[in-house]
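Q: First the structure, which I've put down as structure tokens, then a few questions once you've had a look.
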Amino acid sequence: MKRLSLTAWIFIAMVLGVALGAAFPEIGKADWMAAIANVFLRLLSSIIAPLIFGMLVSGIASTGSVKTMGRIGVKAIVYFEALTTVALFLGLGVVNLIQPGAGMKLEKTAGDLGLAQAPSLSGTLEHTFPASIIDAMARGDVLQIVVFAFLFGAACATIGLKAAPVVEFCKSLAEIMFQYTKYVMYLAPLGVGAAMAHTVGSNGSAVLLALGKLVLSLYAALIIFIVVVLGAVIWIVRIPLRPFIRAVRAPFVIAFSTASGQAALAPAIENLELMGVPKHIVSFVLPTGYSFNLDGSTLYLSMASMFIAQSAGIHLALSQQLLMMLTLMLTSKGVAGVPRAALVILAGTIHTFGLPSAGIAVLFGADALMDMARTAVNVLGNCLATVVVARWEGVKITR
């Protein structure tokens, strides 16, 4: 008999939690039920600081300076940042228009009470630069961790070989935290089941309606992004549509069905080379895009963060929303190959902006459905980016 996957157990736990909260709301609202969910959330929060630090420092140091990356690297990074910015703003626009979290009443847990409220623009600018990285990590202040990691990684890249032991340590730290994340995820069914029971017991069926609206809103936003944004890029750069569809069809389906961008990497490389994209462009742009060009993930993160704010009844001014989007764009680099890592990044960001961590556990219930779609769009966007850079280099794509 085939063993059930972790995703299947999460679905089962979600259904059982919903049923328990609906049938026995008093049990769902019990303190011990909330405590079980909070243990999982605390473990999830423990991942944030070391993962972000190790991932960003090793990533920045390994790319070197922009000059050494050359003409292709500059073009690729400019394209990556432009598209991910568009994805963030599209997600922000859709979630503000539809308001999927409205009507829920998420409450802060005991662990959230010491967190700062959503900061003002001037307050955030003043608070962005850390006086102590240890203090920033202890408080889970993602903005300060990101700033320190970027400066630290740039310094490592500048001095070269002398920094090699430190860079290797950061790479090892990131890998260790990925494994640590897998261990924490084994508790996800228990944490999600308890969180759903507590949330449904406290709020009734409103949480299910809100989650359904979020899933439908995300799929609608991703379809708009594919048709309008990526379609416009294909038209502007004059990429032949049928050969491109033939090349990306298999990687897209693999990414959607497995929710893993890494699983689609090999067929994507092979198909793009068969399409006529030079090997040196494919081998550089496509893997780099897995760190810098996460269109689906960034769009999801913008919607998920605002969903939690709406669910908690917290109003964020436009300046605060933009700061949160910038934080998500910076911290989301390099998470494409890590299952559920988008939720870890999201957890760190909502801590910084004073949003309740209970929203993460609620999102876990429907995350598998959303993960498949955002991963597939990540892969599609990276395949298109590779072809776009090839066209900018004067390569004719006819196959």
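Residues are named by chain letter and number: chains run A, B, ... in the order of the structure tokens, numbers start at 1 in each chain, and ligands are numbered from 1 in the order shown.
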Apply DSSP to the structure's backbone, then extract all residues of range 282-344 of chain A labelled alpha helix (DSSP H) and return them as an NGL selection string.
A: :A and (282-292 or 295-311 or 318-331 or 341-344)
Q: Counting only C-alpha atoms, what is within 7 Å of Ala221 in chain A, bar same-chain residues fewer than 3 positions away, as a JSON list (two decimals) with N, CA and C atoms, in the first residue's frame?
A:
[["chain", "number", "residue", "atom", "x", "y", "z"],
["A", 91, "GLY", "N", -0.60, 41.31, -8.07],
["A", 91, "GLY", "CA", -1.16, 40.62, -6.91],
["A", 91, "GLY", "C", -1.74, 41.59, -5.90],
["A", 94, "VAL", "N", -5.11, 42.92, -7.26],
["A", 94, "VAL", "CA", -6.21, 41.94, -7.23],
["A", 94, "VAL", "C", -6.70, 41.73, -5.79],
["A", 217, "SER", "N", -8.93, 33.86, -6.42],
["A", 217, "SER", "CA", -8.31, 35.14, -6.77],
["A", 217, "SER", "C", -6.89, 34.94, -7.27],
["A", 218, "LEU", "N", -6.14, 34.03, -6.61],
["A", 218, "LEU", "CA", -4.77, 33.77, -7.03],
["A", 218, "LEU", "C", -4.73, 33.18, -8.43],
["A", 224, "ILE", "N", -4.20, 36.12, -15.54],
["A", 224, "ILE", "CA", -4.03, 37.47, -16.09],
["A", 224, "ILE", "C", -2.56, 37.75, -16.35],
["A", 225, "PHE", "N", -1.70, 37.35, -15.42],
["A", 225, "PHE", "CA", -0.27, 37.58, -15.58],
["A", 225, "PHE", "C", 0.26, 36.84, -16.82]]
Q: Identify, on the basis of only C-alpha atoms, every residue whose closest approach to range 385-389 of chain A does not exceed 7 Å; exclude the query and any residue fewer than 5 positions from it along the same chain; express the result as a ChimeraX atom specification.
A: /A:75-76,237,277,281-282,285-286
Q: Fewer than 4 positions away in the same chain doesn't count, so skip those; otherwise give me all residues within 8 Å of Val248 in chain A, counting only C-alpha atoms, as a tab-separated table (two decimals) with C-alpha atoms, in the first residue's frame.
A:
chain	number	residue	atom	x	y	z
A	244	PHE	CA	7.65	28.40	-27.45
A	252	PHE	CA	4.98	23.61	-17.10
A	268	ALA	CA	13.25	22.96	-19.61
A	271	ASN	CA	13.59	21.84	-24.73
A	272	LEU	CA	14.91	25.41	-24.86
A	380	LEU	CA	7.04	29.44	-17.35
A	383	CYS	CA	11.68	29.82	-19.71
Q: A:Val228, A:Val57, A:Ala138, A:Ala82: which is nearest Ala163 in chain A, counting only C-alpha atoms?
A: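 With only C-alpha atoms as the atom set, the closest residue is A:Val57.
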Q: Any chance you could tabulate, as JSON lines, the residues of range 15-45 of chain A at most 12 Å from range 167-179 of chain A with each one's nearest atom pair and distance in Å to one decimal, using only C-alpha atoms, in chain and rising number order?
A:
{"residue": "A:Leu43", "atom": "CA", "partner": "A:Met177", "partner_atom": "CA", "distance": 11.9}
{"residue": "A:Leu44", "atom": "CA", "partner": "A:Met177", "partner_atom": "CA", "distance": 11.0}
{"residue": "A:Ser45", "atom": "CA", "partner": "A:Met177", "partner_atom": "CA", "distance": 11.9}
Q: How far is it from CA of Phe152 in chain A to CA of Phe53 in chain A, in Å with one decimal?
A: 9.4 Å
Q: Taking 5 positions as the minimum chain separation for residues in the same chain, which residues sit within 9 Å of Ile27 in chain A when counting only C-alpha atoms? Answer as a count of residues only.
A: 7
Q: Which of these residues is nearest to Val147 in chain A, using only C-alpha atoms: A:Gln321, A:Asn38, A:Ser132, A:Thr84?
A: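 Closest to Val147 in chain A of all the choices is A:Ser132.
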Q: Taking only C-alpha atoms into account, which of A:Asn378, A:Ser319, A:Ser283, A:Ser311 comes nearest Leu209 in chain A?
A: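 Under the stated criterion, the closest residue is A:Ser311.
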Q: Which of these residues is nearest to Gly261 in chain A, using only C-alpha atoms: A:Leu151, A:Met104, A:Leu294, A:Ala220?
A: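 The shortest atom-to-atom distance to Gly261 in chain A comes from A:Leu294.
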Q: Between A:Ala361, A:Leu265, A:Ile345, A:Met185, which is the closest to Val253 in chain A once you count only C-alpha atoms?
A: A:Leu265
